[in-house]
file target-v1.cif (mmCIF, C-alpha atoms)
data_target
#
loop_
_atom_site.label_atom_id
_atom_site.label_comp_id
_atom_site.auth_asym_id
_atom_site.auth_seq_id
_atom_site.Cartn_x
_atom_site.Cartn_y
_atom_site.Cartn_z
CA MET A 123 114.60 85.36 89.50
CA SER A 124 117.32 83.76 91.61
CA GLN A 125 116.60 81.57 94.61
CA THR A 126 117.82 84.40 96.84
CA ASP A 127 115.37 86.83 95.21
CA GLY A 128 112.56 84.33 95.69
CA LEU A 129 113.41 83.95 99.37
CA LYS A 130 113.43 87.73 99.79
CA VAL A 131 109.99 88.03 98.18
CA GLU A 132 108.66 85.28 100.47
CA ARG A 133 110.22 86.99 103.50
CA LEU A 134 108.73 90.38 102.55
CA ASP A 135 105.31 88.76 102.13
CA ALA A 136 105.68 87.06 105.51
CA ILE A 137 106.58 90.38 107.15
CA ARG A 138 103.58 92.09 105.52
CA GLY A 139 101.29 89.30 106.71
CA TYR A 140 102.67 89.37 110.24
CA LEU A 141 102.30 93.13 110.49
CA TYR A 142 98.80 93.04 109.05
CA ALA A 143 97.78 90.36 111.55
CA HIS A 144 99.38 92.08 114.54
CA GLY A 145 99.24 95.76 113.56
CA PHE A 146 102.68 96.44 115.06
CA SER A 147 105.79 94.39 115.68
CA THR A 148 109.26 94.84 117.04
CA VAL A 149 112.24 94.04 114.84
CA GLN A 150 113.10 91.16 117.18
CA ALA A 151 109.61 89.63 116.95
CA LEU A 152 109.72 89.84 113.15
CA ALA A 153 113.16 88.22 113.09
CA ASP A 154 111.86 85.39 115.27
CA ALA A 155 108.68 84.96 113.21
CA VAL A 156 110.43 84.99 109.85
CA GLY A 157 113.66 83.28 110.88
CA ALA A 158 115.97 86.04 109.67
CA SER A 159 118.67 88.14 111.29
CA LEU A 160 117.93 91.54 112.79
CA ALA A 161 120.02 93.19 110.05
CA THR A 162 118.04 91.41 107.32
CA ILE A 163 114.73 92.43 108.89
CA ARG A 164 115.88 96.06 109.12
CA ARG A 165 116.83 96.04 105.41
CA ASP A 166 113.49 94.45 104.54
CA LEU A 167 111.64 97.08 106.57
CA GLN A 168 113.46 99.79 104.59
CA VAL A 169 112.20 98.20 101.36
CA LEU A 170 108.63 97.97 102.65
CA GLU A 171 108.75 101.55 103.91
CA ARG A 172 109.90 102.80 100.48
CA GLU A 173 106.97 100.91 98.94
CA GLY A 174 104.62 102.71 101.33
CA ALA A 175 103.43 99.43 102.84
CA ILE A 176 104.64 100.12 106.38
CA ASP A 177 105.64 102.89 108.74
CA ARG A 178 108.84 102.34 110.68
CA VAL A 179 108.70 103.38 114.31
CA HIS A 180 111.27 103.21 117.08
CA GLY A 181 112.16 99.54 117.53
CA GLY A 182 109.73 98.16 114.99
CA ALA A 183 107.15 98.79 112.31
CA ARG A 184 103.41 98.94 111.67
CA ILE A 185 101.18 98.74 108.61
CA ALA A 186 100.94 102.16 106.98
CA GLU A 187 97.61 103.96 107.18
CA GLY A 188 95.83 103.58 103.87
CA SER A 189 98.25 100.87 102.77
CA SER A 190 97.05 98.87 99.82
CA VAL A 191 98.85 95.76 101.04
CA GLU A 192 96.78 92.74 100.04
CA VAL A 193 97.00 90.05 102.66
CA ALA A 194 95.55 86.56 102.62
CA PHE A 195 92.00 86.27 103.90
CA GLN A 196 93.14 84.02 106.75
CA GLU A 197 95.54 86.71 107.98
CA ARG A 198 92.88 89.42 107.81
CA ALA A 199 90.47 87.20 109.73
CA LYS A 200 92.89 87.15 112.68
CA ARG A 201 93.14 90.92 112.95
CA ASN A 202 91.07 93.01 115.41
CA LEU A 203 89.31 90.00 116.93
CA VAL A 204 88.26 91.88 120.07
CA ALA A 205 86.60 94.61 118.01
CA LYS A 206 84.95 92.09 115.69
CA ARG A 207 83.49 90.20 118.64
CA ALA A 208 82.22 93.46 120.15
CA ILE A 209 80.52 94.30 116.85
CA ALA A 210 78.92 90.84 116.79
CA ARG A 211 77.59 91.23 120.36
CA ALA A 212 76.18 94.67 119.58
CA ALA A 213 74.50 93.42 116.41
CA TYR A 214 73.07 90.38 118.20
CA ALA A 215 71.62 92.59 120.91
CA VAL A 216 69.39 94.44 118.44
CA LEU A 217 68.10 91.37 116.59
CA VAL A 218 64.43 90.55 116.96
CA PRO A 219 62.68 87.26 116.13
CA HIS A 220 62.02 86.74 112.41
CA ALA A 221 64.18 89.71 111.44
CA THR A 222 66.05 89.73 108.17
CA ILE A 223 69.61 90.96 108.16
CA PHE A 224 72.22 91.45 105.48
CA LEU A 225 75.84 90.49 106.08
CA ASP A 226 78.32 91.80 103.54
CA ALA A 227 81.48 89.94 102.54
CA GLY A 228 84.39 90.50 104.87
CA THR A 229 86.23 89.13 107.84
CA THR A 230 84.11 91.01 110.38
CA VAL A 231 81.06 88.87 109.62
CA LEU A 232 82.72 85.47 110.04
#

call {"tool": "encode", "arguments": {"input": "target-v1.cif", "output": "structure tokens"}}
result
Amino acid sequence: MSQTDGLKVERLDAIRGYLYAHGFSTVQALADAVGASLATIRRDLQVLEREGAIDRVHGGARIAEGSSVEVAFQERAKRNLVAKRAIARAAYAVLVPHATIFLDAGTTVL
């Protein structure tokens, strides 16, 4: 693999991670986040769309529904924070003293 190919793979991974963390992004925001030109980001989005990882929408892209994109745990932990906090408050509200609860593995239970 050439250095250029390696950079492309890193850039595609960065775009996946950014989209997973934010849900949606404009082309401009991705270009700023990744440090690439708008044209490069658009080409990369075409690649990711062909892979089924993202859906392109007017002016940007979002993670495809049912996408099997595997993103680092730290990135997943940042996603949907408002909803995760609401879940935590709701769960806390129903706890009683000396209760036993089970928390499964996942970023919602952090």

call {"tool": "resolve_selection", "arguments": {"input": "target-v1.cif", "expression": "the PyMOL selection byres ((chain A and resi 176-190) around 12)", "output": "JSON, numbers by chain"}}
result
{"A": [134, 137, 138, 139, 140, 141, 142, 143, 144, 145, 146, 147, 148, 149, 150, 151, 152, 153, 160, 163, 164, 165, 166, 167, 168, 169, 170, 171, 172, 173, 174, 175, 191, 192, 193]}

call {"tool": "atom_distance", "arguments": {"input": "target-v1.cif", "atom1": "atom CA of Ala158 of chain A", "atom2": "atom CA of Lys200 of chain A"}}
result
23.3 Å

call {"tool": "residues_around", "arguments": {"input": "target-v1.cif", "residues": "Arg207 of chain A", "least_positions_apart": "4", "cutoff": "10 Å", "atoms": "only C-alpha atoms", "output": "list of chain:residue names"}}
result
A:Asn202, A:Leu203, A:Arg211, A:Ala212, A:Ala213, A:Thr230, A:Val231, A:Leu232

call {"tool": "atom_distance", "arguments": {"input": "target-v1.cif", "atom1": "atom CA of Gly157 of chain A", "atom2": "atom CA of Arg133 of chain A"}}
result
8.9 Å

call {"tool": "atom_distance", "arguments": {"input": "target-v1.cif", "atom1": "atom CA of Val156 of chain A", "atom2": "atom CA of Asp127 of chain A"}}
result
15.6 Å

call {"tool": "axis_aligned_box", "arguments": {"input": "target-v1.cif", "around": "segment 204-221 of chain A", "padding_each_side": "5 Å", "output": "lines of an AutoDock Vina configuration file"}}
result
center_x = 75.1
center_y = 90.7
center_z = 116.2
size_x = 36.2
size_y = 17.9
size_z = 19.5

call {"tool": "closest_residue", "arguments": {"input": "target-v1.cif", "among": "A:Ala215, A:Val131, A:Thr229, A:Thr126", "to": "Arg198 of chain A", "atoms": "all atoms listed in the file"}}
result
A:Thr229

call {"tool": "build_atoms", "arguments": {"input": "target-v1.cif", "residues": "segment 198-220 of chain A", "atoms": "N, CA and C atoms", "output": "compact mmCIF listing (two decimals), keeping the file's coordinate frame"}}
result
# COMPACT_ATOMS: atom_id res chain seq x y z
N ARG A 198 93.80 88.33 107.48
CA ARG A 198 92.88 89.42 107.81
C ARG A 198 91.86 88.98 108.85
N ALA A 199 91.46 87.71 108.79
CA ALA A 199 90.47 87.20 109.73
C ALA A 199 90.99 87.23 111.16
N LYS A 200 92.29 87.17 111.34
CA LYS A 200 92.89 87.15 112.68
C LYS A 200 93.04 88.55 113.28
N ARG A 201 92.88 89.56 112.48
CA ARG A 201 93.14 90.92 112.95
C ARG A 201 91.91 91.51 113.64
N ASN A 202 92.13 92.28 114.70
CA ASN A 202 91.07 93.01 115.41
C ASN A 202 89.96 92.11 115.94
N LEU A 203 90.33 90.96 116.47
CA LEU A 203 89.31 90.00 116.93
C LEU A 203 88.45 90.57 118.06
N VAL A 204 89.04 91.31 118.96
CA VAL A 204 88.26 91.88 120.07
C VAL A 204 87.18 92.82 119.53
N ALA A 205 87.56 93.67 118.59
CA ALA A 205 86.60 94.61 118.01
C ALA A 205 85.53 93.87 117.22
N LYS A 206 85.92 92.84 116.48
CA LYS A 206 84.95 92.09 115.69
C LYS A 206 83.94 91.39 116.59
N ARG A 207 84.41 90.86 117.70
CA ARG A 207 83.49 90.20 118.64
C ARG A 207 82.55 91.22 119.29
N ALA A 208 83.06 92.40 119.58
CA ALA A 208 82.22 93.46 120.15
C ALA A 208 81.14 93.87 119.15
N ILE A 209 81.50 93.97 117.89
CA ILE A 209 80.52 94.30 116.85
C ILE A 209 79.45 93.21 116.78
N ALA A 210 79.87 91.96 116.85
CA ALA A 210 78.92 90.84 116.79
C ALA A 210 77.95 90.89 117.98
N ARG A 211 78.47 91.15 119.17
CA ARG A 211 77.59 91.23 120.36
C ARG A 211 76.60 92.38 120.23
N ALA A 212 77.07 93.51 119.74
CA ALA A 212 76.18 94.67 119.58
C ALA A 212 75.10 94.39 118.54
N ALA A 213 75.47 93.75 117.45
CA ALA A 213 74.50 93.42 116.41
C ALA A 213 73.48 92.40 116.92
N TYR A 214 73.96 91.41 117.65
CA TYR A 214 73.07 90.38 118.20
C TYR A 214 72.06 90.98 119.17
N ALA A 215 72.49 91.97 119.91
CA ALA A 215 71.62 92.59 120.91
C ALA A 215 70.41 93.29 120.29
N VAL A 216 70.51 93.72 119.06
CA VAL A 216 69.39 94.44 118.44
C VAL A 216 68.54 93.55 117.53
N LEU A 217 68.90 92.29 117.41
CA LEU A 217 68.10 91.37 116.59
C LEU A 217 66.77 91.06 117.27
N VAL A 218 65.74 90.94 116.47
CA VAL A 218 64.43 90.55 116.96
C VAL A 218 64.01 89.28 116.23
N PRO A 219 63.11 88.49 116.81
CA PRO A 219 62.68 87.26 116.13
C PRO A 219 62.14 87.55 114.72
N HIS A 220 62.48 86.69 113.80
CA HIS A 220 62.02 86.74 112.41
C HIS A 220 62.56 87.94 111.64
